[in-house]
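Colleague: What follows is run.pdb; its format and atoms are PDB, C-alpha atoms, pLDDT in the B column.
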MODEL        1
ATOM      1  CA  MET A 299      11.037  14.630 -24.029  1.00 61.00           C
ATOM      2  CA  THR A 300      10.158  10.924 -23.987  1.00 83.00           C
ATOM      3  CA  GLU A 301       6.439  10.208 -23.729  1.00 86.00           C
ATOM      4  CA  GLU A 302       4.818   6.821 -23.116  1.00 88.00           C
ATOM      5  CA  ILE A 303       1.176   5.707 -22.954  1.00 90.00           C
ATOM      6  CA  LEU A 304       0.317   2.567 -21.026  1.00 90.00           C
ATOM      7  CA  ASP A 305      -3.161   1.060 -21.422  1.00 94.00           C
ATOM      8  CA  CYS A 306      -3.878  -0.973 -18.291  1.00 91.00           C
ATOM      9  CA  ARG A 307      -7.652  -1.101 -18.617  1.00 92.00           C
ATOM     10  CA  GLY A 308      -8.966  -4.469 -17.552  1.00 91.00           C
ATOM     11  CA  LEU A 309      -5.934  -5.135 -15.339  1.00 86.00           C
ATOM     12  CA  ALA A 310      -6.136  -5.383 -11.560  1.00 81.00           C
ATOM     13  CA  CYS A 311      -3.338  -4.427  -9.182  1.00 75.00           C
ATOM     14  CA  PRO A 312      -0.457  -4.967  -9.066  1.00 79.00           C
ATOM     15  CA  SER A 313      -0.219  -5.388 -12.873  1.00 85.00           C
ATOM     16  CA  PRO A 314      -0.568  -1.656 -13.750  1.00 88.00           C
ATOM     17  CA  VAL A 315       2.121  -0.724 -11.209  1.00 87.00           C
ATOM     18  CA  LEU A 316       4.455  -3.456 -12.471  1.00 86.00           C
ATOM     19  CA  LYS A 317       3.974  -2.341 -16.081  1.00 88.00           C
ATOM     20  CA  ALA A 318       4.650   1.287 -15.123  1.00 89.00           C
ATOM     21  CA  LYS A 319       7.770   0.226 -13.232  1.00 87.00           C
ATOM     22  CA  GLU A 320       9.006  -1.734 -16.237  1.00 87.00           C
ATOM     23  CA  LEU A 321       8.761   1.358 -18.441  1.00 86.00           C
ATOM     24  CA  ILE A 322      10.387   3.641 -15.870  1.00 86.00           C
ATOM     25  CA  ASP A 323      13.215   1.170 -15.278  1.00 85.00           C
ATOM     26  CA  ARG A 324      14.146   1.453 -18.956  1.00 83.00           C
ATOM     27  CA  GLY A 325      14.988   5.104 -18.250  1.00 82.00           C
ATOM     28  CA  ASN A 326      14.378   8.487 -19.882  1.00 83.00           C
ATOM     29  CA  VAL A 327      10.599   8.532 -19.490  1.00 87.00           C
ATOM     30  CA  ASP A 328       9.741  12.192 -18.947  1.00 89.00           C
ATOM     31  CA  ARG A 329       6.003  11.815 -19.345  1.00 91.00           C
ATOM     32  CA  LEU A 330       3.961   8.674 -18.701  1.00 91.00           C
ATOM     33  CA  THR A 331       0.206   8.311 -19.145  1.00 93.00           C
ATOM     34  CA  VAL A 332      -1.440   5.256 -17.603  1.00 93.00           C
ATOM     35  CA  LEU A 333      -5.053   4.292 -18.334  1.00 93.00           C
ATOM     36  CA  VAL A 334      -6.737   2.283 -15.557  1.00 92.00           C
ATOM     37  CA  ASP A 335     -10.274   1.208 -14.739  1.00 91.00           C
ATOM     38  CA  ASP A 336      -9.566  -0.363 -11.348  1.00 84.00           C
ATOM     39  CA  PRO A 337      -9.984   1.970  -8.303  1.00 83.00           C
ATOM     40  CA  ALA A 338      -7.130   0.342  -6.373  1.00 82.00           C
ATOM     41  CA  ALA A 339      -4.858   0.619  -9.420  1.00 84.00           C
ATOM     42  CA  GLU A 340      -5.706   4.320  -9.729  1.00 86.00           C
ATOM     43  CA  GLU A 341      -4.498   5.038  -6.205  1.00 83.00           C
ATOM     44  CA  ASN A 342      -1.467   2.759  -6.411  1.00 83.00           C
ATOM     45  CA  VAL A 343      -0.233   3.968  -9.806  1.00 89.00           C
ATOM     46  CA  GLY A 344      -0.553   7.604  -8.744  1.00 87.00           C
ATOM     47  CA  ARG A 345       1.393   6.986  -5.544  1.00 83.00           C
ATOM     48  CA  PHE A 346       4.031   4.965  -7.408  1.00 86.00           C
ATOM     49  CA  LEU A 347       4.620   7.743  -9.957  1.00 89.00           C
ATOM     50  CA  ARG A 348       4.872  10.414  -7.250  1.00 86.00           C
ATOM     51  CA  ARG A 349       7.395   8.281  -5.378  1.00 82.00           C
ATOM     52  CA  PHE A 350       9.610   8.363  -8.460  1.00 84.00           C
ATOM     53  CA  GLY A 351       9.503  12.125  -8.856  1.00 87.00           C
ATOM     54  CA  TYR A 352       6.562  12.584 -11.237  1.00 91.00           C
ATOM     55  CA  GLU A 353       3.928  15.267 -10.871  1.00 92.00           C
ATOM     56  CA  VAL A 354       0.644  13.434 -11.364  1.00 92.00           C
ATOM     57  CA  THR A 355      -2.640  14.641 -12.827  1.00 91.00           C
ATOM     58  CA  VAL A 356      -5.755  12.463 -12.707  1.00 91.00           C
ATOM     59  CA  ALA A 357      -8.504  12.838 -15.307  1.00 91.00           C
ATOM     60  CA  PRO A 358     -11.689  10.717 -15.396  1.00 90.00           C
ATOM     61  CA  ARG A 359     -12.444   9.518 -18.947  1.00 88.00           C
ATOM     62  CA  GLY A 360     -15.857   7.838 -18.859  1.00 88.00           C
ATOM     63  CA  ASP A 361     -15.239   4.201 -17.986  1.00 91.00           C
ATOM     64  CA  HIS A 362     -11.599   4.701 -16.993  1.00 91.00           C
ATOM     65  CA  VAL A 363      -9.153   7.146 -15.420  1.00 92.00           C
ATOM     66  CA  GLU A 364      -6.128   8.692 -17.088  1.00 93.00           C
ATOM     67  CA  LEU A 365      -3.124   9.278 -14.836  1.00 91.00           C
ATOM     68  CA  THR A 366      -0.370  11.399 -16.342  1.00 93.00           C
ATOM     69  CA  GLY A 367       2.991  11.666 -14.644  1.00 92.00           C
ATOM     70  CA  SER A 368       5.342  14.441 -15.761  1.00 92.00           C
ATOM     71  CA  LYS A 369       8.968  14.717 -14.776  1.00 86.00           C
ATOM     72  CA  SER A 370      10.107  17.981 -13.295  1.00 71.00           C
ATOM     73  CA  GLY A 371      12.739  18.409 -10.642  1.00 53.00           C
ATOM     74  CA  PRO A 372      14.635  15.664  -8.849  1.00 47.00           C
ATOM     75  CA  SER A 373      15.611  12.399 -10.430  1.00 44.00           C
ATOM     76  CA  SER A 374      13.626   9.285  -9.600  1.00 42.00           C
ATOM     77  CA  GLU A 375      16.381   7.951  -7.355  1.00 44.00           C
ATOM     78  CA  LYS A 376      16.653  11.203  -5.424  1.00 42.00           C
ATOM     79  CA  ALA A 377      12.869  11.532  -5.089  1.00 45.00           C
ATOM     80  CA  ALA A 378      12.577   7.980  -3.826  1.00 44.00           C
ATOM     81  CA  SER A 379      15.315   8.486  -1.245  1.00 43.00           C
ATOM     82  CA  GLU A 380      13.867  11.777  -0.043  1.00 42.00           C
ATOM     83  CA  GLN A 381      10.470  10.219   0.539  1.00 46.00           C
ATOM     84  CA  SER A 382      11.782   7.138   2.364  1.00 48.00           C
ATOM     85  CA  ASP A 383      12.054   7.250   6.127  1.00 52.00           C
ATOM     86  CA  PRO A 384      15.487   6.350   7.496  1.00 51.00           C
ATOM     87  CA  PRO A 385      15.265   2.681   8.450  1.00 49.00           C
ATOM     88  CA  PRO A 386      15.707   1.610  12.085  1.00 50.00           C
ATOM     89  CA  ALA A 387      18.625  -0.623  13.045  1.00 63.00           C
ATOM     90  CA  SER A 388      16.376  -3.706  12.909  1.00 83.00           C
ATOM     91  CA  LYS A 389      13.180  -3.867  10.852  1.00 91.00           C
ATOM     92  CA  ILE A 390      10.265  -6.118  11.822  1.00 94.00           C
ATOM     93  CA  MET A 391       7.370  -6.470   9.418  1.00 95.00           C
ATOM     94  CA  VAL A 392       4.034  -7.894  10.600  1.00 96.00           C
ATOM     95  CA  LEU A 393       1.746  -9.349   7.943  1.00 96.00           C
ATOM     96  CA  LEU A 394      -1.846  -9.673   9.167  1.00 96.00           C
ATOM     97  CA  ALA A 395      -4.198 -11.536   6.824  1.00 96.00           C
ATOM     98  CA  THR A 396      -7.252 -11.811   9.055  1.00 95.00           C
ATOM     99  CA  ASP A 397      -9.573  -9.704  11.203  1.00 95.00           C
ATOM    100  CA  ARG A 398      -9.541 -12.365  13.942  1.00 93.00           C
ATOM    101  CA  LEU A 399      -6.842 -14.609  15.360  1.00 91.00           C
ATOM    102  CA  GLY A 400      -7.034 -18.373  15.535  1.00 89.00           C
ATOM    103  CA  ARG A 401      -9.821 -20.806  14.779  1.00 87.00           C
ATOM    104  CA  GLY A 402     -12.577 -22.198  16.937  1.00 89.00           C
ATOM    105  CA  ASP A 403     -14.487 -19.158  18.151  1.00 92.00           C
ATOM    106  CA  ASP A 404     -14.897 -16.004  16.058  1.00 91.00           C
ATOM    107  CA  GLU A 405     -15.789 -13.773  19.013  1.00 93.00           C
ATOM    108  CA  LEU A 406     -12.668 -14.885  20.849  1.00 94.00           C
ATOM    109  CA  GLY A 407     -10.654 -14.404  17.658  1.00 92.00           C
ATOM    110  CA  ARG A 408     -11.820 -10.783  17.373  1.00 92.00           C
ATOM    111  CA  LYS A 409     -10.873 -10.130  21.012  1.00 93.00           C
ATOM    112  CA  LEU A 410      -7.461 -11.647  20.413  1.00 93.00           C
ATOM    113  CA  VAL A 411      -6.743  -9.453  17.372  1.00 94.00           C
ATOM    114  CA  PHE A 412      -7.911  -6.410  19.370  1.00 92.00           C
ATOM    115  CA  ASN A 413      -5.496  -7.307  22.190  1.00 92.00           C
ATOM    116  CA  PHE A 414      -2.707  -8.143  19.746  1.00 93.00           C
ATOM    117  CA  LEU A 415      -2.839  -4.779  17.987  1.00 94.00           C
ATOM    118  CA  GLY A 416      -3.133  -2.965  21.297  1.00 90.00           C
ATOM    119  CA  THR A 417       0.019  -4.688  22.526  1.00 91.00           C
ATOM    120  CA  LEU A 418       2.007  -4.449  19.285  1.00 92.00           C
ATOM    121  CA  ARG A 419       3.478  -1.099  20.343  1.00 89.00           C
ATOM    122  CA  GLU A 420       5.582  -2.994  22.889  1.00 89.00           C
ATOM    123  CA  MET A 421       7.871  -3.998  20.006  1.00 91.00           C
ATOM    124  CA  GLY A 422       9.082  -0.406  20.088  1.00 89.00           C
ATOM    125  CA  PRO A 423      10.999   1.187  17.203  1.00 89.00           C
ATOM    126  CA  GLU A 424      11.862  -2.186  15.660  1.00 92.00           C
ATOM    127  CA  LEU A 425       8.254  -2.470  14.445  1.00 94.00           C
ATOM    128  CA  TRP A 426       8.701  -1.101  10.929  1.00 93.00           C
ATOM    129  CA  ARG A 427       5.727  -2.165   8.785  1.00 95.00           C
ATOM    130  CA  LEU A 428       2.258  -3.507   9.476  1.00 97.00           C
ATOM    131  CA  ILE A 429       0.703  -4.925   6.331  1.00 97.00           C
ATOM    132  CA  LEU A 430      -2.998  -5.791   6.151  1.00 97.00           C
ATOM    133  CA  ILE A 431      -4.152  -8.208   3.447  1.00 96.00           C
ATOM    134  CA  ASN A 432      -7.250 -10.314   2.763  1.00 96.00           C
ATOM    135  CA  GLY A 433      -9.620 -10.116   5.757  1.00 96.00           C
ATOM    136  CA  GLY A 434      -7.077  -8.039   7.645  1.00 96.00           C
ATOM    137  CA  VAL A 435      -8.017  -4.962   5.605  1.00 97.00           C
ATOM    138  CA  LYS A 436     -11.359  -4.890   7.439  1.00 97.00           C
ATOM    139  CA  LEU A 437      -9.461  -3.704  10.508  1.00 97.00           C
ATOM    140  CA  SER A 438      -8.608  -0.422   8.769  1.00 97.00           C
ATOM    141  CA  ILE A 439     -12.130   0.712   7.871  1.00 96.00           C
ATOM    142  CA  GLU A 440     -14.598   3.018   9.597  1.00 95.00           C
ATOM    143  CA  GLY A 441     -16.345   1.352  12.518  1.00 94.00           C
ATOM    144  CA  SER A 442     -13.454  -1.029  13.234  1.00 95.00           C
ATOM    145  CA  ASP A 443     -12.881  -1.601  16.962  1.00 93.00           C
ATOM    146  CA  VAL A 444      -9.121  -1.535  16.465  1.00 95.00           C
ATOM    147  CA  LEU A 445      -8.916   1.806  14.630  1.00 95.00           C
ATOM    148  CA  PRO A 446      -7.596   3.655  17.724  1.00 94.00           C
ATOM    149  CA  SER A 447      -4.790   1.084  18.108  1.00 94.00           C
ATOM    150  CA  LEU A 448      -3.871   1.337  14.431  1.00 96.00           C
ATOM    151  CA  GLN A 449      -3.907   5.129  14.568  1.00 95.00           C
ATOM    152  CA  MET A 450      -1.574   5.089  17.587  1.00 94.00           C
ATOM    153  CA  LEU A 451       0.805   2.766  15.763  1.00 95.00           C
ATOM    154  CA  GLN A 452       0.770   5.111  12.775  1.00 94.00           C
ATOM    155  CA  GLU A 453       1.451   8.097  15.034  1.00 93.00           C
ATOM    156  CA  ASP A 454       4.410   6.158  16.473  1.00 92.00           C
ATOM    157  CA  GLY A 455       5.873   5.992  12.973  1.00 92.00           C
ATOM    158  CA  VAL A 456       4.805   2.480  11.980  1.00 94.00           C
ATOM    159  CA  HIS A 457       4.095   2.394   8.246  1.00 94.00           C
ATOM    160  CA  ILE A 458       0.712   0.682   7.776  1.00 96.00           C
ATOM    161  CA  LEU A 459       0.073  -0.711   4.292  1.00 95.00           C
ATOM    162  CA  VAL A 460      -3.421  -1.857   3.306  1.00 96.00           C
ATOM    163  CA  CYS A 461      -3.883  -4.087   0.250  1.00 95.00           C
ATOM    164  CA  GLY A 462      -5.838  -2.163  -2.404  1.00 92.00           C
ATOM    165  CA  THR A 463      -6.883  -5.313  -4.282  1.00 91.00           C
ATOM    166  CA  CYS A 464      -8.307  -6.731  -1.049  1.00 95.00           C
ATOM    167  CA  LEU A 465     -10.175  -3.510  -0.199  1.00 94.00           C
ATOM    168  CA  ASN A 466     -11.594  -3.494  -3.712  1.00 92.00           C
ATOM    169  CA  HIS A 467     -12.648  -7.153  -3.448  1.00 94.00           C
ATOM    170  CA  PHE A 468     -14.625  -6.471  -0.264  1.00 96.00           C
ATOM    171  CA  GLY A 469     -16.051  -3.169  -1.595  1.00 94.00           C
ATOM    172  CA  LEU A 470     -14.275  -1.220   1.153  1.00 95.00           C
ATOM    173  CA  LEU A 471     -11.878   1.012  -0.794  1.00 91.00           C
ATOM    174  CA  ASP A 472     -13.684   4.229   0.162  1.00 92.00           C
ATOM    175  CA  LYS A 473     -14.111   3.197   3.828  1.00 95.00           C
ATOM    176  CA  LYS A 474     -10.425   2.910   4.761  1.00 95.00           C
ATOM    177  CA  LYS A 475      -9.557   5.249   7.635  1.00 95.00           C
ATOM    178  CA  VAL A 476      -5.961   4.398   8.419  1.00 96.00           C
ATOM    179  CA  GLY A 477      -2.894   3.315   6.495  1.00 95.00           C
ATOM    180  CA  GLU A 478      -1.761   3.640   2.917  1.00 92.00           C
ATOM    181  CA  THR A 479      -3.397   1.710   0.094  1.00 92.00           C
ATOM    182  CA  THR A 480      -0.749  -0.531  -1.381  1.00 91.00           C
ATOM    183  CA  ASN A 481      -0.087  -3.268  -3.921  1.00 89.00           C
ATOM    184  CA  MET A 482       1.724  -6.587  -4.068  1.00 90.00           C
ATOM    185  CA  LEU A 483       4.916  -5.022  -5.428  1.00 88.00           C
ATOM    186  CA  ASP A 484       5.264  -2.870  -2.306  1.00 88.00           C
ATOM    187  CA  ILE A 485       4.441  -5.842  -0.073  1.00 91.00           C
ATOM    188  CA  VAL A 486       7.001  -8.134  -1.700  1.00 90.00           C
ATOM    189  CA  THR A 487       9.639  -5.378  -1.607  1.00 87.00           C
ATOM    190  CA  ALA A 488       8.958  -4.781   2.097  1.00 89.00           C
ATOM    191  CA  MET A 489       9.330  -8.506   2.804  1.00 91.00           C
ATOM    192  CA  GLN A 490      12.654  -8.489   0.990  1.00 89.00           C
ATOM    193  CA  VAL A 491      13.987  -5.529   2.968  1.00 88.00           C
ATOM    194  CA  ALA A 492      12.668  -6.551   6.414  1.00 92.00           C
ATOM    195  CA  ASP A 493      15.015  -8.243   8.864  1.00 92.00           C
ATOM    196  CA  LYS A 494      12.156 -10.332  10.217  1.00 94.00           C
ATOM    197  CA  VAL A 495       8.637 -11.078   8.930  1.00 95.00           C
ATOM    198  CA  ILE A 496       5.880 -12.178  11.316  1.00 95.00           C
ATOM    199  CA  SER A 497       2.888 -13.587   9.458  1.00 94.00           C
ATOM    200  CA  LEU A 498      -0.536 -14.086  11.051  1.00 91.00           C
ATOM    201  CA  THR A 499      -3.310 -15.726   9.007  1.00 83.00           C
TER
ENDMDL
END
Would it be possible to restate this file's structure as structure tokens?

Modeller:
Amino acid sequence: MTEEILDCRGLACPSPVLKAKELIDRGNVDRLTVLVDDPAAEENVGRFLRRFGYEVTVAPRGDHVELTGSKSGPSSEKAASEQSDPPPASKIMVLLATDRLGRGDDELGRKLVFNFLGTLREMGPELWRLILINGGVKLSIEGSDVLPSLQMLQEDGVHILVCGTCLNHFGLLDKKKVGETTNMLDIVTAMQVADKVISLT
């Protein structure tokens, strides 16, 4: 059994995920322990390891958290394919980096983003990913006016990704109510795979 220990204390996302990926890509890592002290990194590293077929245990260790992934069962490639939804014929990704649209009047901007998200379902099954970064992550937290719209999109099968580094920056990591906490590696990969990217800042 190959065991690796990765000390990522002091590193913010996506660095811990990228370092874990680098080790896994080398192959034959049956057991990987990652030390992190960033809350977003804790969630993202755990999800990343599970996606590649590792059973993950999380143990708080004073000023940091120890995530240990152990291989048992399907290979990483098989696990990844089993957990991926079959892609639609055309994949549109929407990147939303703000909690209001346009400049000039903030109240109007908030109304516009509310209407935009409420109408986004009209894209139908081609809408594949909705990614919230920077101020856009504020739309996913408790008390957000657009939560019902986001929840309906999620129920329709739209994969909503919410930037963990951004949530952490605003102190909102524990207030997220919809979507999956993500990292820049997932965002860049989604952009690469999407047929079309619509970016709103």

Colleague: Just checking: using all atoms listed in the file, which residue out of A:Ile431, A:Val476, A:Leu418, A:Val411 ends up closest to Leu445 in chain A?

Modeller: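 Ranking A:Ile431, A:Val476, A:Leu418, A:Val411 by distance to Leu445 in chain A, first place goes to A:Val476.
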
Colleague: What separation in Å, quoted to one decimal, exists between CA of Pro446 in chain A and CA of Gly416 in chain A?

Modeller: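 Answer for the CA of Pro446 in chain A to CA of Gly416 in chain A separation: 8.7 Å.
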
Colleague: I'd like the box whose edges run along x, y and z of the file and which contains every listed atom of range 426-436 of chain A, padded by 4 Å per side; could you state its centre and edge lengths in Å, one decimal, as AutoDock Vina command-line options?

Modeller:
--center_x -1.3 --center_y -5.7 --center_z 6.8 --size_x 28.1 --size_y 17.2 --size_z 16.2

Colleague: Just checking: using all atoms listed in the file, which residue out of A:Phe412, A:Tyr352, A:Phe346, A:Trp426 ends up closest to Ala492 in chain A?

Modeller: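 Of all the options, A:Trp426 lies closest to Ala492 in chain A.
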
Colleague: List the neighbours of Asp443 in chain A out to 12 Å using all atoms listed in the file; skip same-chain residues closer than 6 positions along the sequence, and give me the result as a ChimeraX atom specification.

Modeller: /A:397-398,408-413,415-416,436-437,449

Colleague: Would you kindly identify which residues have an atom no farther than 12 Å from (-10.5, 8.9, -15.4), using only C-alpha atoms and the file's own coordinates, and write them out as JSON, numbers by chain?

Modeller: {"A": [307, 331, 332, 333, 334, 335, 336, 337, 339, 340, 341, 355, 356, 357, 358, 359, 360, 361, 362, 363, 364, 365, 366]}

Colleague: From the options A:Leu330, A:Met421, A:Ile322, A:Met391, which residue's atoms come nearest to Met489 in chain A, counting all atoms listed in the file?

Modeller: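 The shortest atom-to-atom distance to Met489 in chain A comes from A:Met391.
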